[in-house]
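What's in target-v3.pdb: PDB, C-alpha atoms
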ATOM      1  CA  MET H 569      31.238   1.916  -8.449
ATOM      2  CA  ASP H 570      34.286   3.888  -9.584
ATOM      3  CA  GLU H 571      32.512   4.674 -12.848
ATOM      4  CA  GLU H 572      29.481   5.947 -10.919
ATOM      5  CA  LYS H 573      31.682   8.138  -8.728
ATOM      6  CA  SER H 574      33.335   9.515 -11.842
ATOM      7  CA  MET H 575      29.924  10.295 -13.361
ATOM      8  CA  ILE H 576      28.835  11.996 -10.146
ATOM      9  CA  ALA H 577      31.987  14.101 -10.099
ATOM     10  CA  LYS H 578      31.279  15.157 -13.694
ATOM     11  CA  ALA H 579      27.627  15.904 -12.865
ATOM     12  CA  LYS H 580      28.735  18.056  -9.929
ATOM     13  CA  GLN H 581      30.770  20.096 -12.397
ATOM     14  CA  GLY H 582      27.683  20.675 -14.551
ATOM     15  CA  ASP H 583      27.906  17.788 -17.037
ATOM     16  CA  THR H 584      24.251  17.242 -17.972
ATOM     17  CA  HIS H 585      25.005  14.036 -19.887
ATOM     18  CA  ALA H 586      26.623  12.498 -16.807
ATOM     19  CA  PHE H 587      23.647  13.488 -14.659
ATOM     20  CA  ALA H 588      21.235  12.040 -17.235
ATOM     21  CA  MET H 589      23.083   8.720 -17.181
ATOM     22  CA  LEU H 590      22.981   8.599 -13.371
ATOM     23  CA  TYR H 591      19.274   9.390 -13.393
ATOM     24  CA  GLU H 592      18.552   6.818 -16.087
ATOM     25  CA  ALA H 593      20.210   4.109 -13.980
ATOM     26  CA  ILE H 594      17.875   4.633 -11.019
ATOM     27  CA  TYR H 595      14.686   6.032 -12.587
ATOM     28  CA  GLU H 596      12.691   2.798 -12.395
ATOM     29  CA  ASP H 597      13.574   2.257  -8.723
ATOM     30  CA  LEU H 598      12.650   5.852  -7.891
ATOM     31  CA  TYR H 599       9.372   5.545  -9.765
ATOM     32  CA  ARG H 600       8.386   2.238  -8.125
ATOM     33  CA  TYR H 601       9.178   3.705  -4.720
ATOM     34  CA  ALA H 602       7.204   6.905  -5.391
ATOM     35  CA  PHE H 603       4.282   4.887  -6.755
ATOM     36  CA  TYR H 604       4.256   2.737  -3.648
ATOM     37  CA  MET H 605       4.324   5.802  -1.408
ATOM     38  CA  LEU H 606       1.670   7.748  -3.329
ATOM     39  CA  GLN H 607      -0.472   5.031  -4.949
ATOM     40  CA  SER H 608      -0.866   7.099  -8.114
ATOM     41  CA  ARG H 609       1.021   6.806 -11.383
ATOM     42  CA  GLN H 610       0.746  10.460 -12.243
ATOM     43  CA  ASP H 611       1.743  11.620  -8.773
ATOM     44  CA  ALA H 612       4.682   9.199  -8.769
ATOM     45  CA  GLU H 613       5.858  10.539 -12.125
ATOM     46  CA  ASP H 614       5.460  14.097 -10.850
ATOM     47  CA  ALA H 615       7.364  13.296  -7.663
ATOM     48  CA  VAL H 616      10.257  11.715  -9.551
ATOM     49  CA  SER H 617      10.369  14.608 -12.028
ATOM     50  CA  GLU H 618      10.365  17.104  -9.191
ATOM     51  CA  ALA H 619      13.120  15.143  -7.444
ATOM     52  CA  VAL H 620      15.269  15.067 -10.553
ATOM     53  CA  LEU H 621      14.950  18.823 -10.985
ATOM     54  CA  ALA H 622      15.830  19.369  -7.331
ATOM     55  CA  ALA H 623      18.769  16.967  -7.565
ATOM     56  CA  PHE H 624      20.085  18.495 -10.756
ATOM     57  CA  SER H 625      19.996  21.981  -9.289
ATOM     58  CA  GLY H 626      21.531  20.818  -6.004
ATOM     59  CA  ILE H 627      24.010  18.153  -7.066
ATOM     60  CA  ARG H 628      26.928  20.442  -6.313
ATOM     61  CA  ASN H 629      25.905  20.149  -2.641
ATOM     62  CA  LEU H 630      26.209  16.339  -2.624
ATOM     63  CA  ARG H 631      29.002  15.668  -0.137
ATOM     64  CA  GLU H 632      29.837  12.045  -0.881
ATOM     65  CA  GLU H 633      29.918  10.774  -4.433
ATOM     66  CA  GLY H 634      29.025   7.280  -3.223
ATOM     67  CA  ALA H 635      25.806   8.561  -1.645
ATOM     68  CA  PHE H 636      24.017   9.619  -4.852
ATOM     69  CA  ARG H 637      21.423   6.831  -4.830
ATOM     70  CA  GLY H 638      20.497   7.322  -1.177
ATOM     71  CA  TRP H 639      20.434  11.097  -1.682
ATOM     72  CA  MET H 640      18.003  10.723  -4.593
ATOM     73  CA  PHE H 641      15.759   8.428  -2.564
ATOM     74  CA  GLN H 642      15.766  10.935   0.290
ATOM     75  CA  ILE H 643      14.676  13.700  -2.083
ATOM     76  CA  VAL H 644      11.867  11.494  -3.441
ATOM     77  CA  THR H 645      10.879  10.545   0.112
ATOM     78  CA  ASN H 646      10.602  14.189   1.133
ATOM     79  CA  ILE H 647       8.517  15.039  -1.916
ATOM     80  CA  CYS H 648       6.241  12.044  -1.303
ATOM     81  CA  LYS H 649       5.778  13.060   2.336
ATOM     82  CA  ARG H 650       4.777  16.545   1.255
ATOM     83  CA  LYS H 651       2.335  15.164  -1.331
ATOM     84  CA  ARG H 652       0.822  12.785   1.235
ATOM     85  CA  LYS H 653       0.202  15.714   3.578
ATOM     86  CA  GLN H 654      -1.591  17.400   0.701
ATOM     87  CA  TYR H 655      -3.650  14.204   0.190
ATOM     88  CA  LEU H 656      -4.666  14.158   3.826
ATOM     89  CA  LYS H 657      -5.737  17.774   3.672
ATOM     90  CA  LYS H 658      -7.794  17.117   0.526
ATOM     91  CA  GLU H 659      -9.297  13.959   2.057
ATOM     92  CA  ALA H 660     -10.401  15.919   5.098
ATOM     93  CA  GLU H 661     -11.981  18.561   2.893
ATOM     94  CA  LEU H 662     -13.709  15.920   0.759
ATOM     95  CA  SER H 663     -14.853  14.039   3.840
ATOM     96  CA  ASP H 664     -16.436  17.183   5.235
ATOM     97  CA  ALA H 665     -18.147  17.856   1.915
ATOM     98  CA  ALA H 666     -19.240  14.228   1.499
ATOM     99  CA  GLY H 667     -20.883  14.212   4.908
ATOM    100  CA  ALA H 668     -23.736  16.157   3.361
ATOM    101  CA  HIS H 669     -24.319  13.521   0.642
ATOM    102  CA  ASN H 670     -25.515   9.919   0.816
ATOM    103  CA  HIS H 671     -23.524   7.177  -0.876
ATOM    104  CA  SER H 672     -25.076   4.020  -2.248
ATOM    105  CA  GLY H 673     -23.790   0.587  -1.316
ATOM    106  CA  GLU H 674     -22.627   0.210  -4.906
ATOM    107  CA  ASP H 675     -20.044   2.971  -4.342
ATOM    108  CA  TRP H 676     -18.394   0.904  -1.615
ATOM    109  CA  VAL H 677     -18.422  -2.278  -3.721
ATOM    110  CA  ASP H 678     -16.774  -0.377  -6.599
ATOM    111  CA  ALA H 679     -14.162   0.986  -4.202
ATOM    112  CA  ALA H 680     -13.327  -2.519  -2.961
ATOM    113  CA  VAL H 681     -13.016  -3.816  -6.505
ATOM    114  CA  LEU H 682     -10.547  -1.036  -7.296
ATOM    115  CA  GLY H 683      -8.264  -2.076  -4.463
ATOM    116  CA  ILE H 684      -9.085   0.715  -2.056
ATOM    117  CA  ASP H 685      -8.693  -1.740   0.847
ATOM    118  CA  ILE H 686      -5.034  -2.235   0.011
ATOM    119  CA  ARG H 687      -4.487   1.509  -0.089
ATOM    120  CA  LYS H 688      -6.218   1.931   3.244
ATOM    121  CA  ALA H 689      -4.136  -0.844   4.743
ATOM    122  CA  LEU H 690      -0.973   0.881   3.566
ATOM    123  CA  LEU H 691      -2.178   4.222   4.893
ATOM    124  CA  VAL H 692      -2.402   2.705   8.377
ATOM    125  CA  LEU H 693       1.362   2.388   8.394
ATOM    126  CA  LYS H 694       3.563   5.071   9.857
ATOM    127  CA  GLU H 695       5.708   6.990   7.396
ATOM    128  CA  GLU H 696       8.832   5.146   8.559
ATOM    129  CA  GLU H 697       7.142   1.769   8.035
ATOM    130  CA  ARG H 698       6.026   2.725   4.509
ATOM    131  CA  GLN H 699       9.546   3.891   3.720
ATOM    132  CA  ILE H 700      11.132   0.654   4.958
ATOM    133  CA  ILE H 701       8.679  -1.507   2.988
ATOM    134  CA  GLY H 702       9.151   0.618  -0.112
ATOM    135  CA  MET H 703      12.922   0.560   0.024
ATOM    136  CA  SER H 704      13.022  -3.180   0.717
ATOM    137  CA  VAL H 705      10.252  -4.600  -1.430
ATOM    138  CA  LEU H 706      10.181  -2.141  -4.312
ATOM    139  CA  ALA H 707      13.695  -0.759  -4.547
ATOM    140  CA  GLY H 708      15.476  -3.948  -3.457
ATOM    141  CA  TYR H 709      17.646  -2.417  -0.747
ATOM    142  CA  THR H 710      19.112  -4.717   1.889
ATOM    143  CA  SER H 711      18.437  -4.150   5.571
ATOM    144  CA  ARG H 712      22.019  -2.899   5.921
ATOM    145  CA  GLU H 713      21.540  -0.329   3.153
ATOM    146  CA  ILE H 714      18.192   0.792   4.537
ATOM    147  CA  GLY H 715      19.735   1.044   7.984
ATOM    148  CA  GLU H 716      22.559   3.228   6.710
ATOM    149  CA  HIS H 717      20.081   5.458   4.894
ATOM    150  CA  MET H 718      17.704   5.774   7.841
ATOM    151  CA  GLY H 719      20.210   5.679  10.692
ATOM    152  CA  MET H 720      19.183   2.280  12.089
ATOM    153  CA  ARG H 721      20.824  -1.044  12.722
ATOM    154  CA  PRO H 722      20.097  -3.758  10.130
ATOM    155  CA  GLY H 723      18.373  -5.916  12.770
ATOM    156  CA  THR H 724      16.072  -3.038  13.665
ATOM    157  CA  VAL H 725      15.210  -2.589   9.995
ATOM    158  CA  ARG H 726      14.420  -6.308   9.631
ATOM    159  CA  SER H 727      12.169  -6.349  12.697
ATOM    160  CA  LYS H 728      10.346  -3.168  11.628
ATOM    161  CA  LEU H 729       9.915  -4.583   8.130
ATOM    162  CA  LYS H 730       8.488  -7.830   9.517
ATOM    163  CA  ARG H 731       6.066  -6.010  11.847
ATOM    164  CA  SER H 732       5.001  -3.614   9.093
ATOM    165  CA  LEU H 733       4.261  -6.424   6.658
ATOM    166  CA  GLU H 734       2.320  -8.286   9.359
ATOM    167  CA  LYS H 735       0.316  -5.123  10.058
ATOM    168  CA  VAL H 736      -0.630  -4.794   6.376
ATOM    169  CA  GLN H 737      -1.466  -8.486   6.146
ATOM    170  CA  SER H 738      -3.724  -8.315   9.225
ATOM    171  CA  MET H 739      -5.576  -5.330   7.749
ATOM    172  CA  LEU H 740      -6.203  -7.221   4.519
ATOM    173  CA  THR H 741      -7.541 -10.341   6.254
ATOM    174  CA  LEU H 742     -10.165  -8.486   8.282
TER     175      LEU H 742
END
As structure tokens, what does this structure read like?
Amino acid sequence: MDEEKSMIAKAKQGDTHAFAMLYEAIYEDLYRYAFYMLQSRQDAEDAVSEAVLAAFSGIRNLREEGAFRGWMFQIVTNICKRKRKQYLKKEAELSDAAGAHNHSGEDWVDAAVLGIDIRKALLVLKEEERQIIGMSVLAGYTSREIGEHMGMRPGTVRSKLKRSLEKVQSMLTL
């Protein structure tokens, strides 16, 4: 932890090598989280890249050296939220355009085979629920850590996680 704080202090002073080492240590967690939130490899890579650029240019503004990991996840979360809003806008446009065309039953079978049902089940969740599941299941944060990051008590995080997972499970068993 002291080594990480030292690296953060160096990164805040413009040490690119120190920043690269910090980034390397959490890249996989950031990517898994972004992939979970966006359901697209390319979009997840783009989101993480965008977050790293934003973090590198703004690291001098990081108040607490011990908060780097949570700060990075918050940046990724904000980027993912923005991208999801863009998805919804595109979906609405595509839905309007698709209303004029007929789809065969085979299209729906192909969609189910590709796992579209899982994506739809996850899309039913509120943003907060998706974030809690992502941080817990994919990034391995404890309920205490998630609570600190999101401003909740650990018990609240655990109950929201349980309800969110049950909601996804019920959507998949329909």
For this session: Tell me, as a count of residues only, which residues lie within 7 Å of Ser711 (chain H), counting only C-alpha atoms; anything in the same chain fewer than 3 positions away does not count.
Result: 5
Problem set entry | Straight-line distance linking CA of Ile701 (chain H) with CA of Arg609 (chain H), stated in Å to one decimal | 18.3 Å
Exercise. Quick one, how far is CA of Lys653 (chain H) from CA of Gly702 (chain H)?
Worked result: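 Atom-to-atom, CA of Lys653 (chain H) to CA of Gly702 (chain H), that is 17.9 Å.
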Exercise. What residues come out when you apply the PyMOL selection byres ((chain H and resi 605) around 12) to this file, written as a VMD selection string?
Worked result: chain H and resid 598 to 604 606 to 609 611 to 613 615 to 616 641 644 to 653 655 687 690 to 691 693 to 703 705 to 707
For this session: Take CA of Tyr591 (chain H) and CA of Leu729 (chain H) and report the distance between them in Å, one decimal.
Result: 27.3 Å
For this session: Given the file shown, determine the residues that the PyMOL selection byres ((chain H and resi 637) around 12) selects; report them as a VMD selection string.
Result: chain H and resid 569 572 to 573 576 590 to 595 597 to 598 620 623 627 630 632 to 636 638 to 644 703 707 709 713 to 714 717
Exercise. Which residue, H:Lys730, H:Gln737, H:Phe624, H:Arg712, has the smallest gap to His585 (chain H) when you use all atoms listed in the file?
Worked result: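 Answer, going by the shortest atom-to-atom distance: H:Phe624.
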Just need the box for region 611-629 of chain H, edges along x, y and z, holding every atom the file lists for it with 4 Å tacked onto each side, so centre and edge lengths in Å to one decimal, as lines of an AutoDock Vina configuration file.
center_x = 14.3
center_y = 15.6
center_z = -7.4
size_x = 33.2
size_y = 20.8
size_z = 17.5
Problem set entry | Expected selection from the PyMOL selection byres ((chain H and resi 580) around 9), given as a count of residues only | 15
Missing atoms in region 702-725 of chain H should be modelled up to N, CA, C and O atoms and reported as a PDB file, keeping the file's coordinate frame.
ATOM      1  N   GLY H 702       8.874   0.155   1.244  1.00  0.00           N
ATOM      2  CA  GLY H 702       9.151   0.618  -0.112  1.00  0.00           C
ATOM      3  C   GLY H 702      10.589   0.387  -0.522  1.00  0.00           C
ATOM      4  O   GLY H 702      10.866  -0.088  -1.630  1.00  0.00           O
ATOM      5  N   MET H 703      11.511   0.723   0.359  1.00  0.00           N
ATOM      6  CA  MET H 703      12.922   0.560   0.024  1.00  0.00           C
ATOM      7  C   MET H 703      13.300  -0.918  -0.096  1.00  0.00           C
ATOM      8  O   MET H 703      14.115  -1.285  -0.934  1.00  0.00           O
ATOM      9  N   SER H 704      12.692  -1.756   0.735  1.00  0.00           N
ATOM     10  CA  SER H 704      13.022  -3.180   0.717  1.00  0.00           C
ATOM     11  C   SER H 704      12.338  -3.901  -0.437  1.00  0.00           C
ATOM     12  O   SER H 704      12.999  -4.510  -1.279  1.00  0.00           O
ATOM     13  N   VAL H 705      11.024  -3.811  -0.476  1.00  0.00           N
ATOM     14  CA  VAL H 705      10.252  -4.600  -1.430  1.00  0.00           C
ATOM     15  C   VAL H 705      10.349  -4.031  -2.844  1.00  0.00           C
ATOM     16  O   VAL H 705      10.519  -4.776  -3.805  1.00  0.00           O
ATOM     17  N   LEU H 706      10.239  -2.733  -2.975  1.00  0.00           N
ATOM     18  CA  LEU H 706      10.181  -2.141  -4.312  1.00  0.00           C
ATOM     19  C   LEU H 706      11.542  -1.753  -4.876  1.00  0.00           C
ATOM     20  O   LEU H 706      11.779  -1.909  -6.064  1.00  0.00           O
ATOM     21  N   ALA H 707      12.400  -1.224  -4.038  1.00  0.00           N
ATOM     22  CA  ALA H 707      13.695  -0.759  -4.547  1.00  0.00           C
ATOM     23  C   ALA H 707      14.787  -1.806  -4.370  1.00  0.00           C
ATOM     24  O   ALA H 707      15.874  -1.657  -4.918  1.00  0.00           O
ATOM     25  N   GLY H 708      14.527  -2.860  -3.590  1.00  0.00           N
ATOM     26  CA  GLY H 708      15.476  -3.948  -3.457  1.00  0.00           C
ATOM     27  C   GLY H 708      16.659  -3.676  -2.553  1.00  0.00           C
ATOM     28  O   GLY H 708      17.672  -4.369  -2.628  1.00  0.00           O
ATOM     29  N   TYR H 709      16.551  -2.696  -1.673  1.00  0.00           N
ATOM     30  CA  TYR H 709      17.646  -2.417  -0.747  1.00  0.00           C
ATOM     31  C   TYR H 709      17.721  -3.506   0.316  1.00  0.00           C
ATOM     32  O   TYR H 709      16.708  -4.067   0.730  1.00  0.00           O
ATOM     33  N   THR H 710      18.919  -3.774   0.796  1.00  0.00           N
ATOM     34  CA  THR H 710      19.112  -4.717   1.889  1.00  0.00           C
ATOM     35  C   THR H 710      18.832  -4.001   3.206  1.00  0.00           C
ATOM     36  O   THR H 710      18.799  -2.763   3.257  1.00  0.00           O
ATOM     37  N   SER H 711      18.683  -4.769   4.261  1.00  0.00           N
ATOM     38  CA  SER H 711      18.437  -4.150   5.571  1.00  0.00           C
ATOM     39  C   SER H 711      19.634  -3.297   5.998  1.00  0.00           C
ATOM     40  O   SER H 711      19.465  -2.268   6.648  1.00  0.00           O
ATOM     41  N   ARG H 712      20.835  -3.693   5.607  1.00  0.00           N
ATOM     42  CA  ARG H 712      22.019  -2.899   5.921  1.00  0.00           C
ATOM     43  C   ARG H 712      21.956  -1.547   5.212  1.00  0.00           C
ATOM     44  O   ARG H 712      22.207  -0.508   5.807  1.00  0.00           O
ATOM     45  N   GLU H 713      21.614  -1.567   3.926  1.00  0.00           N
ATOM     46  CA  GLU H 713      21.540  -0.329   3.153  1.00  0.00           C
ATOM     47  C   GLU H 713      20.432   0.586   3.672  1.00  0.00           C
ATOM     48  O   GLU H 713      20.623   1.798   3.791  1.00  0.00           O
ATOM     49  N   ILE H 714      19.292   0.000   3.995  1.00  0.00           N
ATOM     50  CA  ILE H 714      18.192   0.792   4.537  1.00  0.00           C
ATOM     51  C   ILE H 714      18.605   1.387   5.879  1.00  0.00           C
ATOM     52  O   ILE H 714      18.345   2.555   6.167  1.00  0.00           O
ATOM     53  N   GLY H 715      19.266   0.576   6.687  1.00  0.00           N
ATOM     54  CA  GLY H 715      19.735   1.044   7.984  1.00  0.00           C
ATOM     55  C   GLY H 715      20.695   2.209   7.864  1.00  0.00           C
ATOM     56  O   GLY H 715      20.599   3.185   8.612  1.00  0.00           O
ATOM     57  N   GLU H 716      21.616   2.124   6.923  1.00  0.00           N
ATOM     58  CA  GLU H 716      22.559   3.228   6.710  1.00  0.00           C
ATOM     59  C   GLU H 716      21.824   4.488   6.281  1.00  0.00           C
ATOM     60  O   GLU H 716      22.119   5.581   6.748  1.00  0.00           O
ATOM     61  N   HIS H 717      20.844   4.322   5.410  1.00  0.00           N
ATOM     62  CA  HIS H 717      20.081   5.458   4.894  1.00  0.00           C
ATOM     63  C   HIS H 717      19.214   6.104   5.980  1.00  0.00           C
ATOM     64  O   HIS H 717      19.091   7.322   6.031  1.00  0.00           O
ATOM     65  N   MET H 718      18.650   5.266   6.850  1.00  0.00           N
ATOM     66  CA  MET H 718      17.704   5.774   7.841  1.00  0.00           C
ATOM     67  C   MET H 718      18.296   5.912   9.242  1.00  0.00           C
ATOM     68  O   MET H 718      17.598   6.287  10.172  1.00  0.00           O
ATOM     69  N   GLY H 719      19.566   5.562   9.387  1.00  0.00           N
ATOM     70  CA  GLY H 719      20.210   5.679  10.692  1.00  0.00           C
ATOM     71  C   GLY H 719      19.757   4.628  11.697  1.00  0.00           C
ATOM     72  O   GLY H 719      19.542   4.924  12.865  1.00  0.00           O
ATOM     73  N   MET H 720      19.616   3.389  11.233  1.00  0.00           N
ATOM     74  CA  MET H 720      19.183   2.280  12.089  1.00  0.00           C
ATOM     75  C   MET H 720      20.129   1.100  11.905  1.00  0.00           C
ATOM     76  O   MET H 720      20.822   1.004  10.900  1.00  0.00           O
ATOM     77  N   ARG H 721      20.078   0.206  12.853  1.00  0.00           N
ATOM     78  CA  ARG H 721      20.824  -1.044  12.722  1.00  0.00           C
ATOM     79  C   ARG H 721      20.058  -1.967  11.783  1.00  0.00           C
ATOM     80  O   ARG H 721      18.823  -1.933  11.741  1.00  0.00           O
ATOM     81  N   PRO H 722      20.766  -2.830  11.055  1.00  0.00           N
ATOM     82  CA  PRO H 722      20.097  -3.758  10.130  1.00  0.00           C
ATOM     83  C   PRO H 722      19.049  -4.641  10.822  1.00  0.00           C
ATOM     84  O   PRO H 722      17.986  -4.893  10.261  1.00  0.00           O
ATOM     85  N   GLY H 723      19.342  -5.094  12.036  1.00  0.00           N
ATOM     86  CA  GLY H 723      18.373  -5.916  12.770  1.00  0.00           C
ATOM     87  C   GLY H 723      17.095  -5.156  13.092  1.00  0.00           C
ATOM     88  O   GLY H 723      15.999  -5.716  13.046  1.00  0.00           O
ATOM     89  N   THR H 724      17.239  -3.880  13.395  1.00  0.00           N
ATOM     90  CA  THR H 724      16.072  -3.038  13.665  1.00  0.00           C
ATOM     91  C   THR H 724      15.238  -2.891  12.395  1.00  0.00           C
ATOM     92  O   THR H 724      14.012  -2.975  12.434  1.00  0.00           O
ATOM     93  N   VAL H 725      15.914  -2.710  11.280  1.00  0.00           N
ATOM     94  CA  VAL H 725      15.210  -2.589   9.995  1.00  0.00           C
ATOM     95  C   VAL H 725      14.435  -3.869   9.714  1.00  0.00           C
ATOM     96  O   VAL H 725      13.259  -3.832   9.344  1.00  0.00           O
TER      97      VAL H 725
END
